[in-house]
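Peer 1: Dumping the structure here so I can ask a few things about it.
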Amino acid sequence: MKKLLLIPFLLFAVLSMAACGSGSDDTLTPEQPEQPENPGDNDDSEAPSQPTDPTPGNNGRYLVLFASRSGNTERLANEIREQLDCDILEVEPEVPYDNDYNTMLERSQEELAAIRQGNYPPIKTSVETFDNYDIVFIGYPIWYGSMATPMQTFLHSHASKLAGKRIALFATSGSSGISTSVSEARILCPDATIIDRSLLLTSSSLPQMATRVPV
Ligand SMILES: Cc1cc2nc3c(=O)[nH]c(=O)nc-3n(C[C@H](O)[C@H](O)[C@H](O)COP(=O)(O)O)c2cc1C
């Protein structure tokens with residue numbers, strides 16, 4: 001059983017195609033909410049606008065979707081994309097986050113509070129269909145212990161399209177764990193199968209990206 005933990009994230013996700021079932025998250029690196037580290041403003045509503053085309057790879061079975069403000073999750077997403085040679089798409093807020101740290105923190109807190117009231121901040125990314133994909137890899141930074149708000153909006157607005165799909169979650173954080181965001185993903189997409197293993201890289205484990213991801 002312990003050995004399972006040593007299987008790199010992608011291998012586990014790809015192998016999981018053979019098996020089936022939803023179940024619990026099996027985080028590679030734990031820990032919980034604490035002080036944020038990075039820096040944005042606020043908006044309200046949901047509604048993805050025009051469908052956005054992913055950048056194509058040569059392996060159309062997988063799609064990597066990511067949200068990233070300061071680049072860590074984007075690097076991890078690109079590593080996954082390179083390993084799988086698959087399609088990739090960035091989930092972007094309608095209004096870009098401010099570079100000013102305090103403004104960013106204020107906006108993210110407002111957005112998280114709005115989501116708790118059912119109001120999702122607008123994003124400019126939408127996907128028409130996931131029909132061609134076997135697994136959708138979904139990556140995001142941890143914000144105040146939660147999934148970053150643009151990805152929450154994306155999952156909320158694409159829940160019906162993701163029904164029946166297999167989703168593999170990955171995230172980056174300063175040190176907090178991923179489990180709260182896994183629960184959020186399950187609530188946002190109740191009819192998707194969240195693959196049992198998720199991948200979290202914290203600021204101390206980000207340098208190990210190359211060994212944590214491989215197929
Ligand atoms: C608004 C905000 C809130 C954050 N909250 C947390 C947190 O609760 N726990 C944590 O470990 N890191 C937190 N961080 C740090 C980010 O999760 C971390 O730097 C992540 O790698 C950033 O990913 P990105 O470069 O893809 O945006 C927060 C960062 C921001 C901007």
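Please note that chains go A, B, ... in the order of the structure tokens, that every chain numbers its residues from 1, and that ligands are numbered from 1 in the order shown.
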Show me which residues are within 9 Å of ligand 1 counting only C-alpha atoms and all ligand atoms, and format the list as a PyMOL selection string.
Peer 2: chain A and resi 31-40+66-76+101-102+104-109+139-148+171-177+201-203+206
Peer 1: Could I get the residues of range 142-174 of chain A with an atom no further than 8 Å from an atom of range 113-132 of chain A, each paired with its nearest atom pair and that distance in Å to one decimal, using only C-alpha atoms, sorted by chain and residue number, as CSV?
Peer 2:
residue,atom,partner,partner_atom,distance
A:Thr149,CA,A:Pro121,CA,7.2
A:Pro150,CA,A:Ile123,CA,6.3
A:Gln152,CA,A:Tyr120,CA,7.7
A:Thr153,CA,A:Tyr120,CA,5.4
A:Phe154,CA,A:Ile123,CA,7.3
A:His158,CA,A:Val127,CA,7.8
A:Lys161,CA,A:Thr129,CA,6.4
A:Leu162,CA,A:Phe130,CA,6.8
A:Lys165,CA,A:Phe130,CA,7.9
Peer 1: Tell me, as a count of residues only, which residues lie within 7 Å of range 187-192 of chain A, counting only C-alpha atoms; anything in the same chain fewer than 4 positions away does not count.
Peer 2: 10
Peer 1: Which residues come within 10 Å of range 59-61 of chain A, counting only C-alpha atoms, excluding same-chain residues fewer than 3 positions away, as a list in words?
Peer 2: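 The filter keeps Pro56, Arg81, Leu84, Asp85, Cys86, Asp87, Phe130, Asp131, Asn132, Tyr133, Asp134, Ile135 and Val136 of chain A.
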Peer 1: Could you tell me, as a CSV table (one decimal) with C-alpha atoms, in the first residue's frame, which residues of range 70-109 of chain A DSSP assigns to helix (DSSP H, G or I) when given the backbone?
Peer 2:
chain,number,residue,atom,x,y,z
A,72,ASN,CA,4.3,28.0,-10.1
A,73,THR,CA,1.2,26.1,-11.1
A,74,GLU,CA,1.9,27.0,-14.7
A,75,ARG,CA,5.3,25.4,-14.5
A,76,LEU,CA,3.8,22.3,-13.0
A,77,ALA,CA,1.1,22.3,-15.7
A,78,ASN,CA,3.7,22.6,-18.4
A,79,GLU,CA,5.7,19.7,-16.9
A,80,ILE,CA,2.6,17.5,-17.0
A,81,ARG,CA,1.8,18.6,-20.5
A,82,GLU,CA,5.4,17.9,-21.7
A,83,GLN,CA,5.3,14.4,-20.1
A,84,LEU,CA,2.0,13.6,-21.8
A,101,TYR,CA,0.4,42.0,-3.1
A,102,ASN,CA,-2.1,43.5,-0.7
A,103,THR,CA,-4.7,44.3,-3.4
A,104,MET,CA,-4.4,40.8,-4.6
A,105,LEU,CA,-4.9,39.4,-1.1
A,106,GLU,CA,-8.0,41.6,-0.6
A,107,ARG,CA,-9.5,40.6,-3.9
A,108,SER,CA,-8.9,36.9,-3.4
A,109,GLN,CA,-10.5,37.1,0.1
Peer 1: From the options A:Arg197, A:Phe137, A:Glu184, A:Phe12, which residue's atoms come nearest to Glu90 in chain A, counting only C-alpha atoms?
Peer 2: A:Phe137
Peer 1: Would you mind telling me which residue in A:Ile178, A:Asn99, A:Val91, A:Leu65 lies nearest to Ile138 in chain A when using only C-alpha atoms?
Peer 2: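 Residue with the minimum atom-to-atom distance to Ile138 in chain A: A:Leu65.
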Peer 1: Could you pull out all residues of range 64-95 of chain A with a DSSP call of strand (DSSP E or B) and give them as a list in words?
Peer 2: Val64, Leu65, Phe66, Cys86, Asp87, Ile88, Leu89, Glu90 and Pro93 of chain A
Peer 1: Write to file, as a PDB file, in the first residue's frame, the residues of the selection just made, with N, CA and C atoms.
Peer 2:
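The result, stored in part20.pdb:
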ATOM      1  N   VAL A  64      -4.724  19.296 -19.960  1.00  0.00           N
ATOM      2  CA  VAL A  64      -4.249  19.947 -18.733  1.00  0.00           C
ATOM      3  C   VAL A  64      -4.866  21.337 -18.665  1.00  0.00           C
ATOM      4  N   LEU A  65      -5.607  21.578 -17.602  1.00  0.00           N
ATOM      5  CA  LEU A  65      -6.194  22.899 -17.350  1.00  0.00           C
ATOM      6  C   LEU A  65      -5.517  23.463 -16.119  1.00  0.00           C
ATOM      7  N   PHE A  66      -5.135  24.712 -16.179  1.00  0.00           N
ATOM      8  CA  PHE A  66      -4.500  25.261 -14.980  1.00  0.00           C
ATOM      9  C   PHE A  66      -4.865  26.722 -14.796  1.00  0.00           C
ATOM     10  N   CYS A  86       0.258  16.515 -24.376  1.00  0.00           N
ATOM     11  CA  CYS A  86      -1.200  16.638 -24.541  1.00  0.00           C
ATOM     12  C   CYS A  86      -1.638  18.105 -24.640  1.00  0.00           C
ATOM     13  N   ASP A  87      -2.928  18.309 -24.787  1.00  0.00           N
ATOM     14  CA  ASP A  87      -3.480  19.662 -24.878  1.00  0.00           C
ATOM     15  C   ASP A  87      -3.371  20.380 -23.530  1.00  0.00           C
ATOM     16  N   ILE A  88      -3.280  21.704 -23.590  1.00  0.00           N
ATOM     17  CA  ILE A  88      -3.192  22.499 -22.358  1.00  0.00           C
ATOM     18  C   ILE A  88      -3.979  23.796 -22.536  1.00  0.00           C
ATOM     19  N   LEU A  89      -4.569  24.266 -21.445  1.00  0.00           N
ATOM     20  CA  LEU A  89      -5.341  25.510 -21.489  1.00  0.00           C
ATOM     21  C   LEU A  89      -5.287  26.201 -20.141  1.00  0.00           C
ATOM     22  N   GLU A  90      -5.033  27.510 -20.186  1.00  0.00           N
ATOM     23  CA  GLU A  90      -5.018  28.294 -18.944  1.00  0.00           C
ATOM     24  C   GLU A  90      -6.415  28.845 -18.643  1.00  0.00           C
ATOM     25  N   PRO A  93      -8.855  34.687 -15.104  1.00  0.00           N
ATOM     26  CA  PRO A  93      -9.943  35.553 -14.615  1.00  0.00           C
ATOM     27  C   PRO A  93     -10.287  36.591 -15.677  1.00  0.00           C
TER      28      PRO A  93
END
Peer 1: What is the CA of Leu10 in chain A to CA of Leu200 in chain A distance in Å?
Peer 2: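 These two atoms are separated by 12.5 Å.
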Peer 1: Would you mind reading off the distance between CA of Thr211 in chain A and CA of Ile194 in chain A, one decimal, in Å?
Peer 2: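 Answer for the CA of Thr211 in chain A to CA of Ile194 in chain A separation: 22.6 Å.
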